[in-house]
Each structure stands twice: as structure tokens, then as C-alpha cells.
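Text of my_file_16.tsv, listed as TSV, C-alpha atoms and all ligand atoms:
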chain	number	residue	atom	x	y	z
A	1	MET	CA	84.48	92.09	135.10
A	2	THR	CA	85.04	94.63	137.86
A	3	SER	CA	83.80	98.22	137.74
A	4	SER	CA	83.73	101.14	140.12
A	5	PRO	CA	81.37	100.63	143.08
A	6	GLN	CA	78.20	102.71	142.95
A	7	THR	CA	75.87	104.10	145.62
A	8	VAL	CA	72.88	105.58	143.86
A	9	LEU	CA	69.82	107.53	144.96
A	10	GLY	CA	66.83	106.34	142.89
A	11	LEU	CA	63.64	108.37	142.36
A	12	GLU	CA	60.34	107.07	140.99
A	13	THR	CA	57.32	109.31	140.28
A	14	SER	CA	55.88	108.01	137.01
A	15	CYS	CA	52.46	106.93	138.32
A	16	ASP	CA	50.83	106.94	141.75
A	17	GLU	CA	53.75	106.02	143.98
A	18	THR	CA	56.28	108.57	145.21
A	19	ALA	CA	59.37	106.49	145.87
A	20	ALA	CA	63.03	106.97	146.75
A	21	ALA	CA	65.72	104.38	147.49
A	22	VAL	CA	69.44	103.98	147.91
A	23	VAL	CA	71.11	100.98	146.29
A	24	ARG	CA	74.76	99.98	146.44
A	25	ARG	CA	76.36	97.98	143.68
A	26	GLY	CA	79.76	96.48	144.45
A	27	PRO	CA	82.69	96.23	142.01
A	28	GLU	CA	81.73	92.64	141.12
A	29	GLY	CA	78.05	93.52	140.72
A	30	ALA	CA	76.81	92.48	144.18
A	31	VAL	CA	73.63	94.41	145.02
A	32	GLU	CA	72.56	95.79	148.39
A	33	VAL	CA	69.34	97.73	148.90
A	34	LEU	CA	70.23	100.21	151.66
A	35	SER	CA	66.72	101.71	151.77
A	36	SER	CA	63.51	101.68	149.76
A	37	VAL	CA	60.71	104.07	150.67
A	38	VAL	CA	57.37	104.00	148.84
A	39	ALA	CA	54.56	106.44	149.56
A	40	SER	CA	51.41	105.20	147.85
A	41	GLN	CA	48.75	107.66	146.74
A	42	VAL	CA	46.08	104.96	146.48
A	43	ALA	CA	43.82	106.66	149.02
A	44	ALA	CA	43.90	109.96	147.08
A	45	HIS	CA	42.85	108.30	143.81
A	46	ALA	CA	40.45	105.64	145.13
A	47	PRO	CA	37.36	107.91	145.08
A	48	PHE	CA	37.88	108.40	141.31
A	49	GLY	CA	38.34	104.68	140.54
A	50	GLY	CA	41.73	105.26	138.92
A	51	VAL	CA	44.77	107.49	138.87
A	52	VAL	CA	44.05	111.19	138.25
A	53	PRO	CA	47.20	112.69	136.64
A	54	GLU	CA	46.82	116.17	138.19
A	55	ILE	CA	46.32	114.78	141.70
A	56	ALA	CA	49.31	112.47	141.20
A	57	ALA	CA	51.65	115.25	140.06
A	58	ARG	CA	50.65	117.49	142.96
A	59	ALA	CA	51.09	114.70	145.50
A	60	HIS	CA	54.59	113.94	144.12
A	61	VAL	CA	55.56	117.62	144.49
A	62	GLU	CA	54.33	117.65	148.07
A	63	SER	CA	56.14	114.51	149.22
A	64	ILE	CA	59.29	114.00	147.12
A	65	ASP	CA	61.55	116.06	149.46
A	66	ALA	CA	60.54	114.13	152.57
A	67	ILE	CA	60.61	110.72	150.86
A	68	ALA	CA	64.10	111.28	149.44
A	69	ALA	CA	65.34	112.55	152.82
A	70	GLN	CA	63.87	109.46	154.51
A	71	ALA	CA	65.57	107.14	152.01
A	72	LEU	CA	68.96	108.78	152.63
A	73	ARG	CA	68.44	108.68	156.41
A	74	GLU	CA	67.41	105.01	156.45
A	75	ALA	CA	70.34	104.12	154.20
A	76	GLY	CA	72.70	105.84	156.61
A	77	VAL	CA	74.33	107.80	153.80
A	78	GLY	CA	74.18	111.51	153.20
A	79	PHE	CA	74.44	113.17	149.81
A	80	LYS	CA	78.21	112.87	150.29
A	81	GLY	CA	78.01	109.08	150.22
A	82	LEU	CA	76.35	109.00	146.79
A	83	THR	CA	78.10	108.34	143.49
A	84	GLY	CA	75.06	109.14	141.33
A	85	VAL	CA	71.37	109.98	141.04
A	86	ALA	CA	68.88	108.01	138.97
A	87	ALA	CA	65.37	109.24	138.22
A	88	THR	CA	62.59	107.75	136.13
A	89	ALA	CA	62.37	109.85	132.96
A	90	GLY	CA	59.46	107.90	131.41
A	91	PRO	CA	57.28	106.32	130.24
A	92	GLY	CA	54.48	107.48	132.50
A	93	LEU	CA	52.24	110.35	133.47
A	94	VAL	CA	54.45	113.18	132.36
A	95	GLY	CA	53.48	115.65	135.11
A	96	GLY	CA	54.64	113.17	137.72
A	97	VAL	CA	57.72	112.09	135.78
A	98	MET	CA	58.85	115.73	135.62
A	99	VAL	CA	58.70	116.06	139.41
A	100	GLY	CA	61.11	113.21	140.15
A	101	LEU	CA	63.35	114.01	137.20
A	102	ALA	CA	63.61	117.70	138.16
A	103	PHE	CA	64.39	116.69	141.74
A	104	GLY	CA	67.09	114.31	140.51
A	105	LYS	CA	68.60	117.00	138.28
A	106	ALA	CA	68.68	119.45	141.18
A	107	VAL	CA	70.53	116.96	143.40
A	108	ALA	CA	72.94	116.10	140.58
A	109	LEU	CA	73.67	119.76	139.88
A	110	ALA	CA	74.01	120.84	143.51
A	111	ARG	CA	76.22	117.87	144.47
A	112	GLY	CA	78.18	117.47	141.26
A	113	LEU	CA	76.87	113.92	140.74
A	114	PRO	CA	76.18	112.14	137.46
A	115	LEU	CA	72.50	111.84	136.51
A	116	VAL	CA	70.90	108.78	134.95
A	117	ALA	CA	67.52	109.31	133.25
A	118	VAL	CA	66.06	105.82	133.68
A	119	ASN	CA	63.44	104.12	131.55
A	120	HIS	CA	60.83	102.85	134.05
A	121	LEU	CA	60.57	99.60	132.08
A	122	GLU	CA	64.32	99.04	132.39
A	123	GLY	CA	63.75	99.44	136.14
A	124	HIS	CA	61.19	96.61	136.09
A	125	ALA	CA	63.55	94.61	133.88
A	126	VAL	CA	66.35	94.71	136.49
A	127	SER	CA	64.02	94.39	139.51
A	128	ALA	CA	64.62	90.65	139.90
A	129	ARG	CA	68.35	91.41	140.31
A	130	LEU	CA	67.64	93.37	143.52
A	131	ALA	CA	67.09	90.23	145.56
A	132	ALA	CA	68.54	87.33	143.54
A	133	GLU	CA	71.47	86.60	141.29
A	134	VAL	CA	69.94	86.68	137.83
A	135	ASP	CA	72.64	86.99	135.19
A	136	TYR	CA	72.03	88.36	131.71
A	137	PRO	CA	70.63	87.27	129.34
A	138	PHE	CA	67.10	86.32	130.44
A	139	LEU	CA	63.59	86.20	129.07
A	140	LEU	CA	61.34	88.74	130.81
A	141	LEU	CA	57.58	88.91	131.10
A	142	LEU	CA	56.74	92.43	132.21
A	143	VAL	CA	53.15	92.59	133.42
A	144	SER	CA	51.90	95.73	135.11
A	145	GLY	CA	49.02	98.18	134.98
A	146	GLY	CA	50.46	99.94	131.96
A	147	HIS	CA	52.53	97.25	130.27
A	148	CYS	CA	52.32	93.69	129.08
A	149	GLN	CA	55.29	92.52	127.06
A	150	LEU	CA	57.82	89.74	126.58
A	151	LEU	CA	61.41	90.91	126.22
A	152	SER	CA	64.68	89.18	125.57
A	153	VAL	CA	66.98	91.08	127.95
A	154	GLU	CA	70.57	90.69	126.72
A	155	GLY	CA	71.95	93.30	129.11
A	156	ILE	CA	71.34	96.83	130.29
A	157	GLY	CA	70.09	98.90	127.34
A	158	ALA	CA	69.84	95.81	125.15
A	159	CYS	CA	66.27	94.51	125.08
A	160	ARG	CA	64.50	92.87	122.18
A	161	ARG	CA	60.72	92.73	122.27
A	162	LEU	CA	59.20	89.36	121.40
A	163	GLY	CA	55.58	90.31	121.97
A	164	SER	CA	53.28	92.88	123.50
A	165	THR	CA	49.62	93.56	124.09
A	166	ILE	CA	47.48	94.70	121.19
A	167	ASP	CA	44.91	96.33	123.49
A	168	ASP	CA	44.94	96.35	127.31
A	169	ALA	CA	47.76	95.52	129.69
A	170	ALA	CA	47.14	92.53	131.99
A	171	GLY	CA	46.94	94.73	135.11
A	172	GLU	CA	44.58	97.05	133.30
A	173	ALA	CA	42.35	94.05	132.51
A	174	PHE	CA	42.42	93.02	136.18
A	175	ASP	CA	41.55	96.58	137.22
A	176	LYS	CA	38.74	97.10	134.72
A	177	ILE	CA	37.09	93.71	135.32
A	178	ALA	CA	37.39	94.25	139.07
A	179	LYS	CA	35.52	97.53	138.60
A	180	THR	CA	32.63	95.78	136.81
A	181	LEU	CA	32.52	93.37	139.77
A	182	GLY	CA	32.10	96.36	142.07
A	183	LEU	CA	35.53	95.93	143.66
A	184	PRO	CA	37.57	98.89	144.92
A	185	TYR	CA	40.60	100.34	143.16
A	186	PRO	CA	43.25	98.99	142.66
A	187	GLY	CA	41.36	96.03	141.35
A	188	GLY	CA	44.06	93.38	140.92
A	189	PRO	CA	44.64	92.50	144.59
A	190	ALA	CA	40.90	92.84	145.36
A	191	LEU	CA	40.00	90.46	142.53
A	192	GLU	CA	42.61	87.96	143.71
A	193	ALA	CA	41.13	88.03	147.23
A	194	LEU	CA	37.58	87.48	145.91
A	195	ALA	CA	38.78	84.70	143.58
A	196	GLU	CA	40.10	82.70	146.53
A	197	ARG	CA	36.53	81.69	147.40
A	198	GLY	CA	35.52	81.03	143.79
A	199	ASP	CA	35.38	78.13	141.36
A	200	ALA	CA	37.61	78.90	138.35
A	201	SER	CA	35.85	76.36	136.13
A	202	ARG	CA	32.42	77.90	136.61
A	203	PHE	CA	32.40	80.32	133.65
A	204	ALA	CA	33.84	79.64	130.20
A	205	LEU	CA	35.61	82.76	129.01
A	206	PRO	CA	37.16	83.48	125.59
A	207	ARG	CA	40.76	82.29	125.12
A	208	MET	CA	42.06	85.32	123.22
A	209	LEU	CA	44.59	84.81	120.39
A	210	LEU	CA	44.87	81.12	121.26
A	211	GLY	CA	46.89	79.25	118.67
A	212	ARG	CA	48.39	82.38	117.14
A	213	LYS	CA	52.01	82.00	116.16
A	214	ASP	CA	53.29	85.21	117.75
A	215	CYS	CA	53.79	86.20	121.37
A	216	ASP	CA	51.23	89.01	121.52
A	217	PHE	CA	48.50	89.47	124.12
A	218	SER	CA	44.90	90.64	124.00
A	219	PHE	CA	42.48	91.10	126.88
A	220	SER	CA	39.65	93.22	125.48
A	221	GLY	CA	37.41	90.25	124.53
A	222	LEU	CA	37.81	88.79	128.01
A	223	LYS	CA	36.90	92.15	129.50
A	224	THR	CA	33.72	92.42	127.42
A	225	ALA	CA	32.67	88.82	128.16
A	226	ALA	CA	33.28	89.26	131.89
A	227	ALA	CA	31.29	92.51	131.96
A	228	ARG	CA	28.33	90.78	130.28
A	229	ILE	CA	28.40	87.89	132.77
A	230	ALA	CA	28.81	90.26	135.73
A	231	GLU	CA	25.56	92.06	134.83
A	232	GLY	CA	23.51	88.94	135.47
A	233	LEU	CA	25.09	87.90	138.75
A	234	ALA	CA	23.07	87.99	141.94
A	235	SER	CA	25.06	86.25	144.66
A	236	GLU	CA	28.45	86.85	146.23
A	237	ALA	CA	29.38	83.22	145.48
A	238	GLU	CA	28.74	83.77	141.75
A	239	ARG	CA	30.89	86.92	141.79
A	240	ALA	CA	33.69	84.92	143.41
A	241	ASP	CA	33.31	82.26	140.69
A	242	LEU	CA	33.59	84.93	137.98
A	243	ALA	CA	36.65	86.48	139.68
A	244	ALA	CA	38.32	83.06	139.82
A	245	SER	CA	37.43	82.31	136.18
A	246	VAL	CA	38.82	85.68	135.03
A	247	GLN	CA	42.03	85.26	137.03
A	248	SER	CA	42.51	81.79	135.58
A	249	ALA	CA	41.89	83.04	132.00
A	250	ILE	CA	44.44	85.86	132.39
A	251	ALA	CA	46.99	83.50	133.95
A	252	ALA	CA	46.41	80.97	131.15
A	253	GLN	CA	47.03	83.55	128.44
A	254	LEU	CA	50.17	84.86	130.13
A	255	ALA	CA	51.48	81.31	130.46
A	256	GLU	CA	50.61	80.32	126.90
A	257	ARG	CA	52.35	83.38	125.36
A	258	SER	CA	55.34	82.95	127.68
A	259	ASP	CA	55.58	79.32	126.62
A	260	ARG	CA	55.77	80.39	122.98
A	261	ALA	CA	58.36	83.06	123.82
A	262	MET	CA	60.44	80.50	125.73
A	263	ALA	CA	60.59	78.30	122.64
A	264	ALA	CA	61.73	81.27	120.50
A	265	TYR	CA	64.20	82.45	123.13
A	266	ALA	CA	65.72	78.99	123.54
A	267	ALA	CA	66.16	78.74	119.77
A	268	SER	CA	67.98	82.08	119.66
A	269	HIS	CA	70.17	81.26	122.69
A	270	PRO	CA	71.69	77.92	121.69
A	271	GLY	CA	74.49	76.04	123.37
A	272	PRO	CA	74.57	73.95	126.51
A	273	LEU	CA	72.09	75.31	129.04
A	274	GLY	CA	71.16	78.26	126.84
A	275	GLY	CA	74.62	79.68	126.40
A	276	LYS	CA	75.66	81.35	129.65
A	277	GLY	CA	74.71	79.21	132.60
A	278	GLY	CA	71.15	78.23	131.79
A	279	LEU	CA	67.87	79.45	130.37
A	280	ARG	CA	66.30	82.03	132.66
A	281	PHE	CA	62.72	83.31	132.84
A	282	VAL	CA	61.84	86.35	134.95
A	283	VAL	CA	58.42	87.86	135.64
A	284	ALA	CA	58.18	91.45	136.88
A	285	GLY	CA	55.61	94.21	137.34
A	286	GLY	CA	52.58	94.53	139.63
A	287	VAL	CA	50.69	91.54	138.19
A	288	ALA	CA	53.61	89.29	139.17
A	289	ALA	CA	52.26	89.69	142.70
A	290	ASN	CA	49.30	87.45	141.75
A	291	ARG	CA	49.83	83.95	143.12
A	292	THR	CA	47.82	82.14	140.45
A	293	VAL	CA	49.76	83.95	137.72
A	294	ARG	CA	53.07	83.12	139.41
A	295	ALA	CA	52.19	79.45	139.81
A	296	ARG	CA	51.14	79.06	136.16
A	297	LEU	CA	54.30	80.79	134.92
A	298	GLN	CA	56.51	78.79	137.22
A	299	ALA	CA	55.03	75.52	135.92
A	300	THR	CA	55.49	76.68	132.32
A	301	ALA	CA	59.12	77.65	132.94
A	302	GLN	CA	59.83	74.33	134.59
A	303	ALA	CA	58.34	72.38	131.70
A	304	ARG	CA	60.56	74.31	129.25
A	305	GLY	CA	63.73	73.87	131.31
A	306	PHE	CA	63.93	77.53	132.35
A	307	SER	CA	64.76	78.73	135.84
A	308	PHE	CA	62.01	80.93	137.28
A	309	THR	CA	62.53	84.16	139.20
A	310	ALA	CA	59.95	86.64	140.43
A	311	PRO	CA	61.03	89.59	142.56
A	312	PRO	CA	59.74	89.84	146.15
A	313	LEU	CA	56.36	91.58	146.21
A	314	ALA	CA	57.82	94.93	147.28
A	315	TYR	CA	59.92	95.00	144.10
A	316	CYS	CA	57.10	93.78	141.81
A	317	THR	CA	55.03	96.93	142.15
A	318	ASP	CA	56.49	100.36	141.46
A	319	ASN	CA	59.47	101.24	143.64
A	320	ALA	CA	62.65	103.30	143.43
A	321	ALA	CA	65.14	100.54	144.29
A	322	MET	CA	64.75	99.15	140.77
A	323	ILE	CA	65.36	102.64	139.34
A	324	ALA	CA	68.46	103.07	141.50
A	325	LEU	CA	69.79	99.68	140.36
A	326	ALA	CA	69.17	100.44	136.68
A	327	GLY	CA	71.06	103.72	137.28
A	328	ALA	CA	73.92	101.96	139.09
A	329	GLU	CA	74.29	99.39	136.30
A	330	ARG	CA	74.40	102.18	133.71
A	331	LEU	CA	76.96	104.18	135.73
A	332	ALA	CA	79.10	101.04	136.08
A	333	LEU	CA	79.15	100.88	132.27
A	334	GLY	CA	80.16	104.55	132.09
A	335	LEU	CA	76.71	105.69	130.94
A	336	SER	CA	75.00	108.84	132.23
A	337	ASP	CA	72.69	111.54	130.88
A	338	PRO	CA	72.89	115.31	130.45
A	339	LEU	CA	71.04	117.61	132.84
A	340	ASP	CA	68.62	118.58	130.07
A	341	ALA	CA	67.36	115.00	129.66
A	342	ALA	CA	63.67	115.16	128.74
A	343	ALA	CA	60.69	113.59	130.50
A	344	ARG	CA	59.08	111.15	128.05
A	345	PRO	CA	55.41	110.11	128.31
A	346	ARG	CA	56.13	107.29	125.82
A	347	TRP	CA	59.44	105.51	125.70
A	348	PRO	CA	59.52	101.93	124.38
A	349	LEU	CA	62.42	99.79	125.60
A	350	ASP	CA	62.85	98.30	122.15
A	351	GLU	CA	62.47	101.34	119.87
A	352	ALA	CA	62.98	99.32	116.68
A	353	ALA	CA	60.16	96.86	117.45
A	354	ALA	CA	57.86	99.67	118.58
A	355	SER	CA	58.22	101.67	115.37
A	356	ALA	CA	57.91	98.54	113.20
A	357	SER	CA	54.67	97.62	114.95
A	358	PRO	CA	52.99	100.90	115.91
A	359	THR	CA	49.65	99.26	116.79
A	360	HIS	CA	51.28	98.07	120.00
A	361	VAL	CA	51.35	101.42	121.67
A	362	PRO	CA	53.29	101.14	124.89
A	363	GLY	CA	52.49	103.51	127.69
A	364	ARG	CA	49.86	104.02	130.33
A	365	LYS	CA	46.23	103.62	129.51
A	366	GLY	CA	43.15	102.83	131.49
A	367	ALA	CA	42.75	102.71	135.20
A	368	LYS	CA	46.36	103.46	136.01
A	369	ALA	CA	46.39	106.50	133.69
B	1	LIG	O1	53.91	97.71	138.42
B	1	LIG	P1	52.73	98.43	138.97
B	1	LIG	O2	52.74	98.82	140.41
B	1	LIG	O3	52.44	99.75	138.20
B	1	LIG	C1	52.60	99.93	136.85
B	1	LIG	O4	53.75	100.22	136.43
B	1	LIG	O5	51.57	99.79	136.15
B	1	LIG	O6	51.47	97.51	138.65
B	1	LIG	C2	50.18	97.83	139.11
B	1	LIG	C3	49.21	96.85	138.51
B	1	LIG	C4	47.74	97.22	138.74
B	1	LIG	O7	47.03	97.05	137.55
B	1	LIG	C5	47.31	96.22	139.80
B	1	LIG	O8	45.93	95.93	139.79
B	1	LIG	C6	48.13	95.03	139.44
B	1	LIG	O9	49.39	95.55	139.08
B	1	LIG	N1	48.26	94.10	140.57
B	1	LIG	C7	47.69	92.87	140.61
B	1	LIG	C8	47.97	92.34	141.89
B	1	LIG	N2	48.70	93.26	142.58
B	1	LIG	C9	48.87	94.33	141.76
B	1	LIG	N3	46.98	92.20	139.69
B	1	LIG	C10	46.55	90.97	140.02
B	1	LIG	N4	46.75	90.40	141.24
B	1	LIG	C11	47.45	91.03	142.19
B	1	LIG	N5	47.66	90.46	143.38
B	2	ZN	ZN	55.64	100.05	136.88
Any chance you could give the structure as C-alpha cells?
Amino acid sequence: MTSSPQTVLGLETSCDETAAAVVRRGPEGAVEVLSSVVASQVAAHAPFGGVVPEIAARAHVESIDAIAAQALREAGVGFKGLTGVAATAGPGLVGGVMVGLAFGKAVALARGLPLVAVNHLEGHAVSARLAAEVDYPFLLLLVSGGHCQLLSVEGIGACRRLGSTIDDAAGEAFDKIAKTLGLPYPGGPALEALAERGDASRFALPRMLLGRKDCDFSFSGLKTAAARIAEGLASEAERADLAASVQSAIAAQLAERSDRAMAAYAASHPGPLGGKGGLRFVVAGGVAANRTVRARLQATAQARGFSFTAPPLAYCTDNAAMIALAGAERLALGLSDPLDAAARPRWPLDEAAASASPTHVPGRKGAKA
């Protein structure tokens, strides 16, 4: 199906990255990232061991102009070359969300462009499509600092949640356990580096929710157990062993739940090769950067007959190219939002599942919040 080509400016300010990007989507759906600029605020938040909302919002205000200008310059298009503006409208730290969304509204108003108020999670959901041909539908594991969920993605705006965390997100667990190991913020990459020298079989850690019939996640028991073990550790080698054991336990849980979700997804997408051209599994979000996690998920997908796609690292963590693409796909379907679109601190992708199961509160908690 052909649709009008789109060149969209994307803006992302929902957490601690100020990001802008320009993405072009051709009439047949071919995707080209013309620029993707990410200014991380990690250094500003590191002394506090996590993201401080007020500092984040202020930093977004200070840099959004320059970052957006840089993205347009690097893309080689001016405002005149754009067909739309897409800004993250939630979920996230609302002070930051408002900065990017207000900037996007101003550009849309001044240039007479359509605005798309993008759900940040929908951005992660399409992120694999930035660098590879991944057709809808696919099964998505979204694992980041604020989110941990399995979604059946039928198309843009059509996600069904199969499972979600009942306490912490996987990235949050990485960050909090890293903190108890005395590692710097953000903890995930630091823990992965320490784990490289460790023995993953050294410490037995609880296998949370193992054997449960659903696709939900839980990491709080692991966090408590790891904190107790960490207290008694003397040597660097032992800390590396604990880091490796924790990483392996998180990867195992992600793989086990994904395996269950793959079985459910395959059953609901019958026909040769899963209906349209094969069964597809996609992992996205910051935790998808972890090599042990990727390897476990890839093996699980292979065993279930699913193809496996993980976005390149730059598109795993927060970025604006994924927001621009979500916007471009919406515009191609004729969807846009009014200029009074609200910033939403909470905004589940699958509203029906979220209200039916309110214990699974999506949104940002913990170290990233
Ligand atoms: O997607 P993202 O940039 O932000 C959110 O939307 O939350 O994800 C950030 C999260 C953090 O919790 C960070 O520790 C985790 O992803 N992360 C990792 C790795 N790289 C980033 N966790 C484990 N191993 C990594 N290599
Ligand atoms: Zn994110």
C-alpha cells in the first residue's frame, strides 16, 4: 500500500536524554534516518544516583533549541523540508515531556505542519523498524528503565499487552542492584562490564514467578536477595561473580517469560509461518543493549521458530529517531493530533489491559524517575 512520503522532525524529552532526529519514510514504507542527535544528561544526574526530575526539565529547556537545530542541519533539511513534527507526549517525567511537546507545538504552529503526540512506548515499539525490515505483526519485549512488558504489536496504534512487571522494570532492577554493588549510575552497563569477569553460577538467586502460567515479570525478590549477598562480599572477584549471577538471573527470567509469550502469540497468529511471512520477535529498550540478555532471547526465539530482531544500540536506548518514525507512520495513516494535546505522565499502550489489571502500573519508577 502506498502513502504520501513523510519527512518528520522527532523530539524526545521524557527522561534524561534531550533528543531530536529527522526521519524520512518513503511511499512504500522505506525508512531513512537523516539525523539522530542525542544529548545525554547522565553527568548532571550521576551525583544523585538517579534522574532528578527538576534538573532534567531544566536541562531539556536549555538544550532543546540547539539539539533540534543540529538535527535539521545534519539532515540537510530546513523547516521547509518537513511534512510533520512528532514529539513524545508521555509516559515520562512530565516536566520534561512538556518541554519537547511545547517545542513541537510551536514548530507545528509556526510552520503550519501537522503535530503527532507520540507515546514513548510506541516509539520503542517501532524502533526495530529504523534499521531493519520488520513487518507487522510482531511480538515485542520492551525492556527499559521504566518498562518491562510483552506486547503483541499488530500495527501502529494496535498493541495488545501479554504481560508486564508486577514490581520493578528490568532496567530498574539492573540499576538498583548495581547501586548496592557500589557501581556508578546508570547501573546496567556498569553491571554488565563487571559481570564479564565473573562466574554466573557462583550464587544461586531466586527464580521469580517460575512456572507461573502468565507472562508477567517480577524482580523485587532478586533485588532483595542480591542486596543481602552484596553486604557480605569482600573481594572484587566476588562482586564480579554476583554481577554475573544477577545478569544471568534477569536474562533467564526475560527469556522464560518471552518463551511463554511466543507460545501464546503463535497460537493467536495461526497459518503458515505465523500468518504474514513468519513469526517475528523483537526486543527493544535500553536493556536490549545487554549482550547476555540478547543472546538468551535470540536462542529462545530460534527454538520457537521466531525470527529475532534487536535494534542497533543507538536505537535501543532513548532517542528521537524512533519518535519521528512513529510520527511518520501515523501521518502516513492520516493520523495527527490537535495543538492542545496533553502531556501524560502515565499512558499505557494497551489501555484496556492496563485498566483491567491496575496492579501493573506502567510508568517511570526508581532510578530513572
Ligand atoms: O530505554 P532507556 O534508555 O530508557 C528508558 O526508557 O527507561 O533504558 C535505560 C535503561 C537503564 O535502566 C539502563 O541501566 C539500562 O536501560 N541499560 C542496560 C544496559 N544498557 C542500558 N541494562 C543492562 N545492560 C546494559 N548494557
Ligand atoms: Zn525509553
Skip A:Val8 itself and residues of its chain fewer than 2 positions away, then list as a PyMOL selection string all residues within 10 Å of it, counting all atoms listed in the file.
chain A and resi 5-6+10-11+21-25+33-34+79+81-86+113-116+321+323-329+331
List as a PyMOL selection string the protein and nucleic acid residues lying within 9 Å of ligand LIG 1 (chain B), with all atoms listed in the file counted.
chain A and resi 14-17+92+120-121+124+142-147+169-176+178+185-193+247+284-293+313+315-319+364+367-369
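Each of A:Leu141, A:Leu222, A:Cys215, A:Ala320 was checked against A:Ala68 using all atoms listed in the file; the smallest atom-to-atom distance is that of A:Ala320.
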Selected residue of minimal separation from A:Ala353 among A:Leu140, A:Ala310, A:Leu150, A:Ala252, counting all atoms listed in the file
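Of A:Leu140, A:Ala310, A:Leu150, A:Ala252, the one nearest A:Ala353 is A:Leu150, counting all atoms listed in the file.
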Could you check how far atom CA of A:Leu151 sits from atom CA of A:Ser36, in Å to one decimal?
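It comes out at 26.0 Å.
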Which of A:Ala314, A:Arg73, A:Ser307, A:Thr224 sits closest to ligand ZN 2 (chain B) [using all atoms listed in the file]:
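Nearest candidate to ligand ZN 2 (chain B) out of A:Ala314, A:Arg73, A:Ser307, A:Thr224: A:Ala314.
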A:Ala299, A:Ala117, A:Ala158, A:Cys148 ranked by distance to ligand ZN 2 (chain B), top pick (using all atoms listed in the file):
A:Cys148
Nearby residues (all atoms listed in the file) at most 8 Å from A:Ala39, same-chain spacing under 4 positions excluded, as a PyMOL selection string:
chain A and resi 17-19+67
Taking all atoms listed in the file into account, name the residue in A:Gly78, A:Gly123, A:Ser3, A:Ala230 that is nearest to ligand ZN 2 (chain B).
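Among the listed residues, the smallest separation from ligand ZN 2 (chain B) belongs to A:Gly123.
Residues lying at most 12 Å from (43.5, 81.2, 122.0) in file coordinates, with all atoms listed in the file considered, are Leu205, Pro206, Arg207, Met208, Leu209, Leu210, Gly211, Arg212, Lys213, Asp214, Cys215, Asp216, Phe217, Ser218, Phe219, Gly221, Leu222, Ala249, Ile250, Ala252, Gln253, Leu254, Ala255, Glu256 and Arg257 of chain A.
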Could you turn the residues from that selection into a file that holds C-alpha atoms, as a PDB file, keeping the file's coordinate frame?
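part_34.pdb written:
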ATOM      1  CA  LEU A 205      35.610  82.760 129.010  1.00  0.00           C
ATOM      2  CA  PRO A 206      37.160  83.480 125.590  1.00  0.00           C
ATOM      3  CA  ARG A 207      40.760  82.290 125.120  1.00  0.00           C
ATOM      4  CA  MET A 208      42.060  85.320 123.220  1.00  0.00           C
ATOM      5  CA  LEU A 209      44.590  84.810 120.390  1.00  0.00           C
ATOM      6  CA  LEU A 210      44.870  81.120 121.260  1.00  0.00           C
ATOM      7  CA  GLY A 211      46.890  79.250 118.670  1.00  0.00           C
ATOM      8  CA  ARG A 212      48.390  82.380 117.140  1.00  0.00           C
ATOM      9  CA  LYS A 213      52.010  82.000 116.160  1.00  0.00           C
ATOM     10  CA  ASP A 214      53.290  85.210 117.750  1.00  0.00           C
ATOM     11  CA  CYS A 215      53.790  86.200 121.370  1.00  0.00           C
ATOM     12  CA  ASP A 216      51.230  89.010 121.520  1.00  0.00           C
ATOM     13  CA  PHE A 217      48.500  89.470 124.120  1.00  0.00           C
ATOM     14  CA  SER A 218      44.900  90.640 124.000  1.00  0.00           C
ATOM     15  CA  PHE A 219      42.480  91.100 126.880  1.00  0.00           C
ATOM     16  CA  GLY A 221      37.410  90.250 124.530  1.00  0.00           C
ATOM     17  CA  LEU A 222      37.810  88.790 128.010  1.00  0.00           C
ATOM     18  CA  ALA A 249      41.890  83.040 132.000  1.00  0.00           C
ATOM     19  CA  ILE A 250      44.440  85.860 132.390  1.00  0.00           C
ATOM     20  CA  ALA A 252      46.410  80.970 131.150  1.00  0.00           C
ATOM     21  CA  GLN A 253      47.030  83.550 128.440  1.00  0.00           C
ATOM     22  CA  LEU A 254      50.170  84.860 130.130  1.00  0.00           C
ATOM     23  CA  ALA A 255      51.480  81.310 130.460  1.00  0.00           C
ATOM     24  CA  GLU A 256      50.610  80.320 126.900  1.00  0.00           C
ATOM     25  CA  ARG A 257      52.350  83.380 125.360  1.00  0.00           C
TER      26      ARG A 257
END
Between atom CA of A:Trp347 and atom CA of A:Ala264 - distance in Å to one decimal:
24.9 Å
Which residue, A:Ser258, A:Thr165, A:Ser40, A:Ser127, has the smallest gap to A:Arg304 when you use all atoms listed in the file?
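Ranking A:Ser258, A:Thr165, A:Ser40, A:Ser127 by distance to A:Arg304, first place goes to A:Ser258.
Taking atom CA of A:Ile156 and atom CA of A:Ser4 as the two end points, the separation is 16.4 Å.
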